[in-house]
file upload.cif (mmCIF, N, CA and C atoms)
data_query
loop_
_atom_site.label_atom_id
_atom_site.label_comp_id
_atom_site.auth_asym_id
_atom_site.auth_seq_id
_atom_site.Cartn_x
_atom_site.Cartn_y
_atom_site.Cartn_z
N MET A 1 53.84 144.56 58.64
CA MET A 1 54.34 145.70 59.37
C MET A 1 55.32 145.26 60.46
N ASN A 2 55.06 144.10 61.05
CA ASN A 2 55.97 143.62 62.10
C ASN A 2 57.35 143.29 61.54
N THR A 3 57.40 142.82 60.30
CA THR A 3 58.69 142.54 59.68
C THR A 3 59.48 143.82 59.48
N ILE A 4 58.81 144.87 59.09
CA ILE A 4 59.48 146.16 58.91
C ILE A 4 60.03 146.66 60.24
N LYS A 5 59.28 146.47 61.30
CA LYS A 5 59.74 146.90 62.62
C LYS A 5 60.98 146.11 63.05
N ARG A 6 61.00 144.83 62.74
CA ARG A 6 62.17 144.02 63.09
C ARG A 6 63.39 144.39 62.24
N LEU A 7 63.18 144.69 60.98
CA LEU A 7 64.27 145.15 60.14
C LEU A 7 64.77 146.51 60.60
N ALA A 8 63.87 147.34 61.10
CA ALA A 8 64.28 148.63 61.65
C ALA A 8 65.15 148.43 62.89
N GLY A 9 64.95 147.35 63.62
CA GLY A 9 65.79 147.04 64.76
C GLY A 9 67.24 146.83 64.35
N ILE A 10 67.44 146.15 63.23
CA ILE A 10 68.79 145.97 62.70
C ILE A 10 69.38 147.32 62.32
N LEU A 11 68.54 148.15 61.71
CA LEU A 11 68.99 149.49 61.32
C LEU A 11 69.40 150.31 62.54
N TRP A 12 68.64 150.25 63.62
CA TRP A 12 68.98 150.99 64.85
C TRP A 12 70.29 150.48 65.44
N LEU A 13 70.52 149.18 65.39
CA LEU A 13 71.78 148.64 65.88
C LEU A 13 72.96 149.14 65.05
N LEU A 14 72.79 149.18 63.75
CA LEU A 14 73.85 149.66 62.87
C LEU A 14 74.10 151.16 63.07
N ILE A 15 73.03 151.93 63.24
CA ILE A 15 73.19 153.36 63.49
C ILE A 15 73.91 153.59 64.82
N GLY A 16 73.59 152.81 65.83
CA GLY A 16 74.27 152.93 67.12
C GLY A 16 75.75 152.62 67.02
N ALA A 17 76.09 151.58 66.28
CA ALA A 17 77.51 151.24 66.11
C ALA A 17 78.24 152.32 65.32
N ALA A 18 77.59 152.84 64.28
CA ALA A 18 78.22 153.89 63.48
C ALA A 18 78.38 155.18 64.29
N ALA A 19 77.40 155.51 65.11
CA ALA A 19 77.49 156.71 65.93
C ALA A 19 78.62 156.58 66.96
N GLY A 20 78.75 155.42 67.57
CA GLY A 20 79.83 155.20 68.53
C GLY A 20 81.19 155.27 67.87
N TYR A 21 81.31 154.68 66.70
CA TYR A 21 82.57 154.72 65.96
C TYR A 21 82.93 156.15 65.60
N TYR A 22 81.97 156.88 65.05
CA TYR A 22 82.23 158.27 64.66
C TYR A 22 82.61 159.11 65.86
N LEU A 23 81.88 158.96 66.95
CA LEU A 23 82.14 159.78 68.13
C LEU A 23 83.52 159.52 68.71
N LEU A 24 83.92 158.28 68.75
CA LEU A 24 85.24 157.97 69.30
C LEU A 24 86.38 158.29 68.33
N ILE A 25 86.25 157.83 67.10
CA ILE A 25 87.35 157.96 66.14
C ILE A 25 87.51 159.39 65.64
N ASN A 26 86.42 160.05 65.30
CA ASN A 26 86.52 161.37 64.69
C ASN A 26 86.42 162.53 65.67
N GLN A 27 85.91 162.30 66.85
CA GLN A 27 85.74 163.39 67.80
C GLN A 27 86.65 163.27 69.02
N ALA A 28 86.61 162.15 69.71
CA ALA A 28 87.31 162.03 70.99
C ALA A 28 88.82 161.81 70.84
N ILE A 29 89.23 160.86 70.03
CA ILE A 29 90.65 160.52 69.93
C ILE A 29 91.50 161.70 69.43
N PRO A 30 91.05 162.45 68.41
CA PRO A 30 91.86 163.62 68.02
C PRO A 30 91.99 164.66 69.13
N LYS A 31 90.96 164.82 69.94
CA LYS A 31 91.04 165.78 71.04
C LYS A 31 91.96 165.28 72.16
N PHE A 32 91.98 163.98 72.41
CA PHE A 32 92.93 163.44 73.38
C PHE A 32 94.37 163.62 72.91
N GLY A 33 94.56 163.57 71.60
CA GLY A 33 95.90 163.67 71.03
C GLY A 33 96.54 165.04 71.16
N THR A 34 95.73 166.08 71.28
CA THR A 34 96.32 167.43 71.37
C THR A 34 96.96 167.66 72.72
N GLY A 35 96.40 167.12 73.78
CA GLY A 35 96.96 167.29 75.12
C GLY A 35 96.61 168.61 75.78
N LYS A 36 95.88 169.47 75.10
CA LYS A 36 95.49 170.75 75.69
C LYS A 36 94.34 170.53 76.68
N PRO A 37 94.35 171.26 77.80
CA PRO A 37 93.27 171.09 78.78
C PRO A 37 91.89 171.43 78.22
N GLU A 38 91.82 172.41 77.33
CA GLU A 38 90.50 172.76 76.77
C GLU A 38 90.00 171.71 75.78
N ASP A 39 90.86 170.82 75.34
CA ASP A 39 90.41 169.72 74.48
C ASP A 39 90.17 168.43 75.27
N LEU A 40 90.78 168.28 76.41
CA LEU A 40 90.63 167.05 77.19
C LEU A 40 89.24 166.95 77.82
N ILE A 41 88.67 168.06 78.20
CA ILE A 41 87.33 168.01 78.82
C ILE A 41 86.27 167.54 77.82
N PRO A 42 86.17 168.13 76.62
CA PRO A 42 85.18 167.59 75.67
C PRO A 42 85.47 166.15 75.26
N ALA A 43 86.76 165.79 75.16
CA ALA A 43 87.09 164.41 74.80
C ALA A 43 86.60 163.44 75.87
N GLY A 44 86.76 163.80 77.12
CA GLY A 44 86.26 162.96 78.21
C GLY A 44 84.75 162.85 78.21
N ILE A 45 84.09 163.97 77.92
CA ILE A 45 82.62 163.96 77.85
C ILE A 45 82.15 163.07 76.71
N TYR A 46 82.81 163.19 75.55
CA TYR A 46 82.44 162.34 74.41
C TYR A 46 82.63 160.87 74.74
N THR A 47 83.76 160.55 75.38
CA THR A 47 84.12 159.16 75.61
C THR A 47 83.32 158.51 76.72
N PHE A 48 83.18 159.19 77.86
CA PHE A 48 82.63 158.55 79.05
C PHE A 48 81.17 158.88 79.32
N ILE A 49 80.61 159.89 78.66
CA ILE A 49 79.21 160.23 78.90
C ILE A 49 78.37 160.03 77.65
N LEU A 50 78.72 160.71 76.56
CA LEU A 50 77.87 160.69 75.37
C LEU A 50 77.91 159.36 74.64
N CYS A 51 79.07 158.78 74.45
CA CYS A 51 79.17 157.54 73.69
C CYS A 51 78.37 156.39 74.33
N PRO A 52 78.54 156.11 75.62
CA PRO A 52 77.72 155.04 76.19
C PRO A 52 76.22 155.35 76.18
N LEU A 53 75.88 156.61 76.37
CA LEU A 53 74.47 157.00 76.37
C LEU A 53 73.84 156.81 75.00
N ILE A 54 74.51 157.29 73.96
CA ILE A 54 73.97 157.20 72.61
C ILE A 54 73.95 155.76 72.11
N VAL A 55 75.07 155.08 72.23
CA VAL A 55 75.17 153.70 71.72
C VAL A 55 74.25 152.78 72.52
N GLY A 56 74.24 152.94 73.83
CA GLY A 56 73.40 152.08 74.66
C GLY A 56 71.92 152.24 74.38
N SER A 57 71.47 153.47 74.21
CA SER A 57 70.05 153.68 73.97
C SER A 57 69.63 153.21 72.58
N LEU A 58 70.45 153.48 71.57
CA LEU A 58 70.12 152.99 70.23
C LEU A 58 70.16 151.46 70.16
N ALA A 59 71.13 150.86 70.82
CA ALA A 59 71.23 149.40 70.82
C ALA A 59 70.06 148.77 71.57
N THR A 60 69.66 149.36 72.68
CA THR A 60 68.52 148.84 73.43
C THR A 60 67.25 148.90 72.59
N PHE A 61 67.04 150.02 71.93
CA PHE A 61 65.88 150.16 71.05
C PHE A 61 65.91 149.12 69.94
N GLY A 62 67.09 148.92 69.34
CA GLY A 62 67.21 147.93 68.28
C GLY A 62 66.98 146.51 68.75
N ILE A 63 67.48 146.17 69.94
CA ILE A 63 67.28 144.83 70.48
C ILE A 63 65.81 144.58 70.79
N TYR A 64 65.14 145.56 71.36
CA TYR A 64 63.71 145.40 71.63
C TYR A 64 62.92 145.24 70.34
N ALA A 65 63.30 145.97 69.30
CA ALA A 65 62.62 145.84 68.02
C ALA A 65 62.86 144.45 67.43
N LEU A 66 64.07 143.93 67.55
CA LEU A 66 64.35 142.59 67.03
C LEU A 66 63.60 141.50 67.80
N LYS A 67 63.43 141.69 69.09
CA LYS A 67 62.72 140.70 69.91
C LYS A 67 61.21 140.73 69.68
N GLY A 68 60.71 141.79 69.06
CA GLY A 68 59.27 141.86 68.79
C GLY A 68 58.49 142.59 69.86
N GLU A 69 59.14 143.39 70.67
CA GLU A 69 58.43 144.13 71.72
C GLU A 69 57.49 145.18 71.16
N TYR A 70 57.75 145.64 69.94
CA TYR A 70 56.93 146.67 69.34
C TYR A 70 55.95 146.12 68.30
N ASP A 71 55.81 144.80 68.24
CA ASP A 71 54.91 144.19 67.26
C ASP A 71 53.46 144.48 67.62
N SER A 72 52.65 144.55 66.56
CA SER A 72 51.21 144.72 66.75
C SER A 72 50.61 143.38 67.19
N LYS A 73 49.63 143.43 68.06
CA LYS A 73 49.02 142.22 68.63
C LYS A 73 47.75 141.82 67.89
N GLU A 74 47.69 142.08 66.61
CA GLU A 74 46.47 141.83 65.84
C GLU A 74 46.29 140.40 65.47
#
call {"tool": "encode", "arguments": {"input": "upload.cif", "output": "structure tokens"}}
result
Amino acid sequence: MNTIKRLAGILWLLIGAAAGYYLLINQAIPKFGTGKPEDLIPAGIYTFILCPLIVGSLATFGIYALKGEYDSKE
């Protein structure tokens, strides 16, 4: 079971990287490109608030899983 938890850590790291890529490439950059004020606010929120929050939390969870913090002590 501990091996599965450590492999899940790799999965969480990959999901975090994919989420950050998607959020920046498909959501934020196109909105920055329009130049409209109603698009700049969501683009800033995606870039400076949501992306670090999502990627950082998923990466932290994945790193802890890889280090064995969630292993059973049996």
call {"tool": "resolve_selection", "arguments": {"input": "upload.cif", "expression": "the PyMOL selection byres ((chain A and resi 60-71) around 7)", "output": "PyMOL selection string"}}
result
chain A and resi 1-2+5-13+55-59+72-74
call {"tool": "closest_residue", "arguments": {"input": "upload.cif", "among": "A:Leu50, A:Ala43, A:Pro37, A:Phe32", "to": "Ala19 of chain A", "atoms": "only C-alpha atoms"}}
result
A:Leu50
call {"tool": "atom_distance", "arguments": {"input": "upload.cif", "atom1": "atom CA of Pro52 of chain A", "atom2": "atom CA of Leu23 of chain A"}}
result
10.3 Å
call {"tool": "closest_residue", "arguments": {"input": "upload.cif", "among": "A:Ile45, A:Ile4, A:Cys51, A:Leu40", "to": "Ala17 of chain A", "atoms": "only C-alpha atoms"}}
result
A:Cys51
call {"tool": "select_by_dssp", "arguments": {"input": "upload.cif", "residues": "segment 13-52 of chain A", "states": "alpha helix (DSSP H)", "output": "PyMOL selection string"}}
result
chain A and resi 13-22+29-34+37-45+51-52
call {"tool": "closest_residue", "arguments": {"input": "upload.cif", "among": "A:Gly33, A:Glu38, A:Gly44, A:Ile54", "to": "Gly20 of chain A", "atoms": "all atoms listed in the file"}}
result
A:Ile54
call {"tool": "atom_distance", "arguments": {"input": "upload.cif", "atom1": "atom CA of Ala28 of chain A", "atom2": "atom CA of Leu14 of chain A"}}
result
20.0 Å
call {"tool": "atom_distance", "arguments": {"input": "upload.cif", "atom1": "atom CA of Ile25 of chain A", "atom2": "atom CA of Thr47 of chain A"}}
result
10.1 Å
call {"tool": "build_atoms", "arguments": {"input": "upload.cif", "residues": "segment 33-44 of chain A", "atoms": "all heavy atoms", "output": "mmCIF file, keeping the file's coordinate frame"}}
result
data_model
loop_
_atom_site.group_PDB
_atom_site.id
_atom_site.type_symbol
_atom_site.label_atom_id
_atom_site.label_comp_id
_atom_site.auth_asym_id
_atom_site.auth_seq_id
_atom_site.Cartn_x
_atom_site.Cartn_y
_atom_site.Cartn_z
ATOM 1 N N GLY A 33 94.560 163.570 71.600
ATOM 2 C CA GLY A 33 95.900 163.670 71.030
ATOM 3 C C GLY A 33 96.540 165.040 71.160
ATOM 4 O O GLY A 33 97.766 165.158 71.146
ATOM 5 N N THR A 34 95.730 166.080 71.280
ATOM 6 C CA THR A 34 96.320 167.430 71.370
ATOM 7 C C THR A 34 96.960 167.660 72.720
ATOM 8 O O THR A 34 97.954 168.377 72.810
ATOM 9 C CB THR A 34 95.260 168.509 71.116
ATOM 10 O OG1 THR A 34 94.273 168.461 72.141
ATOM 11 C CG2 THR A 34 94.629 168.354 69.743
ATOM 12 N N GLY A 35 96.400 167.120 73.780
ATOM 13 C CA GLY A 35 96.960 167.290 75.120
ATOM 14 C C GLY A 35 96.610 168.610 75.780
ATOM 15 O O GLY A 35 97.007 168.852 76.918
ATOM 16 N N LYS A 36 95.880 169.470 75.100
ATOM 17 C CA LYS A 36 95.490 170.750 75.690
ATOM 18 C C LYS A 36 94.340 170.530 76.680
ATOM 19 O O LYS A 36 93.456 169.719 76.432
ATOM 20 C CB LYS A 36 95.020 171.719 74.604
ATOM 21 C CG LYS A 36 96.066 172.092 73.607
ATOM 22 C CD LYS A 36 95.466 173.096 72.637
ATOM 23 C CE LYS A 36 96.108 173.018 71.291
ATOM 24 N NZ LYS A 36 95.435 173.865 70.321
ATOM 25 N N PRO A 37 94.350 171.260 77.800
ATOM 26 C CA PRO A 37 93.270 171.090 78.780
ATOM 27 C C PRO A 37 91.890 171.430 78.220
ATOM 28 O O PRO A 37 90.902 170.794 78.574
ATOM 29 C CB PRO A 37 93.633 172.046 79.905
ATOM 30 C CG PRO A 37 95.082 172.301 79.750
ATOM 31 C CD PRO A 37 95.397 172.146 78.297
ATOM 32 N N GLU A 38 91.820 172.410 77.330
ATOM 33 C CA GLU A 38 90.500 172.760 76.770
ATOM 34 C C GLU A 38 90.000 171.710 75.780
ATOM 35 O O GLU A 38 88.806 171.721 75.441
ATOM 36 C CB GLU A 38 90.532 174.143 76.100
ATOM 37 C CG GLU A 38 91.490 174.267 74.940
ATOM 38 C CD GLU A 38 92.866 174.786 75.337
ATOM 39 O OE1 GLU A 38 93.171 174.856 76.533
ATOM 40 O OE2 GLU A 38 93.632 175.093 74.430
ATOM 41 N N ASP A 39 90.860 170.820 75.340
ATOM 42 C CA ASP A 39 90.410 169.720 74.480
ATOM 43 C C ASP A 39 90.170 168.430 75.270
ATOM 44 O O ASP A 39 89.414 167.571 74.820
ATOM 45 C CB ASP A 39 91.448 169.442 73.390
ATOM 46 C CG ASP A 39 91.431 170.487 72.292
ATOM 47 O OD1 ASP A 39 90.429 171.224 72.197
ATOM 48 O OD2 ASP A 39 92.413 170.554 71.535
ATOM 49 N N LEU A 40 90.780 168.280 76.410
ATOM 50 C CA LEU A 40 90.630 167.050 77.190
ATOM 51 C C LEU A 40 89.240 166.950 77.820
ATOM 52 O O LEU A 40 88.708 165.839 77.947
ATOM 53 C CB LEU A 40 91.705 166.963 78.268
ATOM 54 C CG LEU A 40 93.131 166.735 77.758
ATOM 55 C CD1 LEU A 40 94.109 166.722 78.922
ATOM 56 C CD2 LEU A 40 93.215 165.442 76.979
ATOM 57 N N ILE A 41 88.670 168.060 78.200
ATOM 58 C CA ILE A 41 87.330 168.010 78.820
ATOM 59 C C ILE A 41 86.270 167.540 77.820
ATOM 60 O O ILE A 41 85.513 166.614 78.132
ATOM 61 C CB ILE A 41 86.983 169.368 79.455
ATOM 62 C CG1 ILE A 41 87.921 169.619 80.644
ATOM 63 C CG2 ILE A 41 85.523 169.407 79.901
ATOM 64 C CD1 ILE A 41 87.830 171.004 81.222
ATOM 65 N N PRO A 42 86.170 168.130 76.620
ATOM 66 C CA PRO A 42 85.180 167.590 75.670
ATOM 67 C C PRO A 42 85.470 166.150 75.260
ATOM 68 O O PRO A 42 84.539 165.364 75.068
ATOM 69 C CB PRO A 42 85.298 168.515 74.451
ATOM 70 C CG PRO A 42 85.919 169.746 74.948
ATOM 71 C CD PRO A 42 86.780 169.356 76.103
ATOM 72 N N ALA A 43 86.760 165.790 75.160
ATOM 73 C CA ALA A 43 87.090 164.410 74.800
ATOM 74 C C ALA A 43 86.600 163.440 75.870
ATOM 75 O O ALA A 43 86.088 162.363 75.549
ATOM 76 C CB ALA A 43 88.591 164.273 74.591
ATOM 77 N N GLY A 44 86.760 163.800 77.120
ATOM 78 C CA GLY A 44 86.260 162.960 78.210
ATOM 79 C C GLY A 44 84.750 162.850 78.210
ATOM 80 O O GLY A 44 84.191 161.790 78.475
#
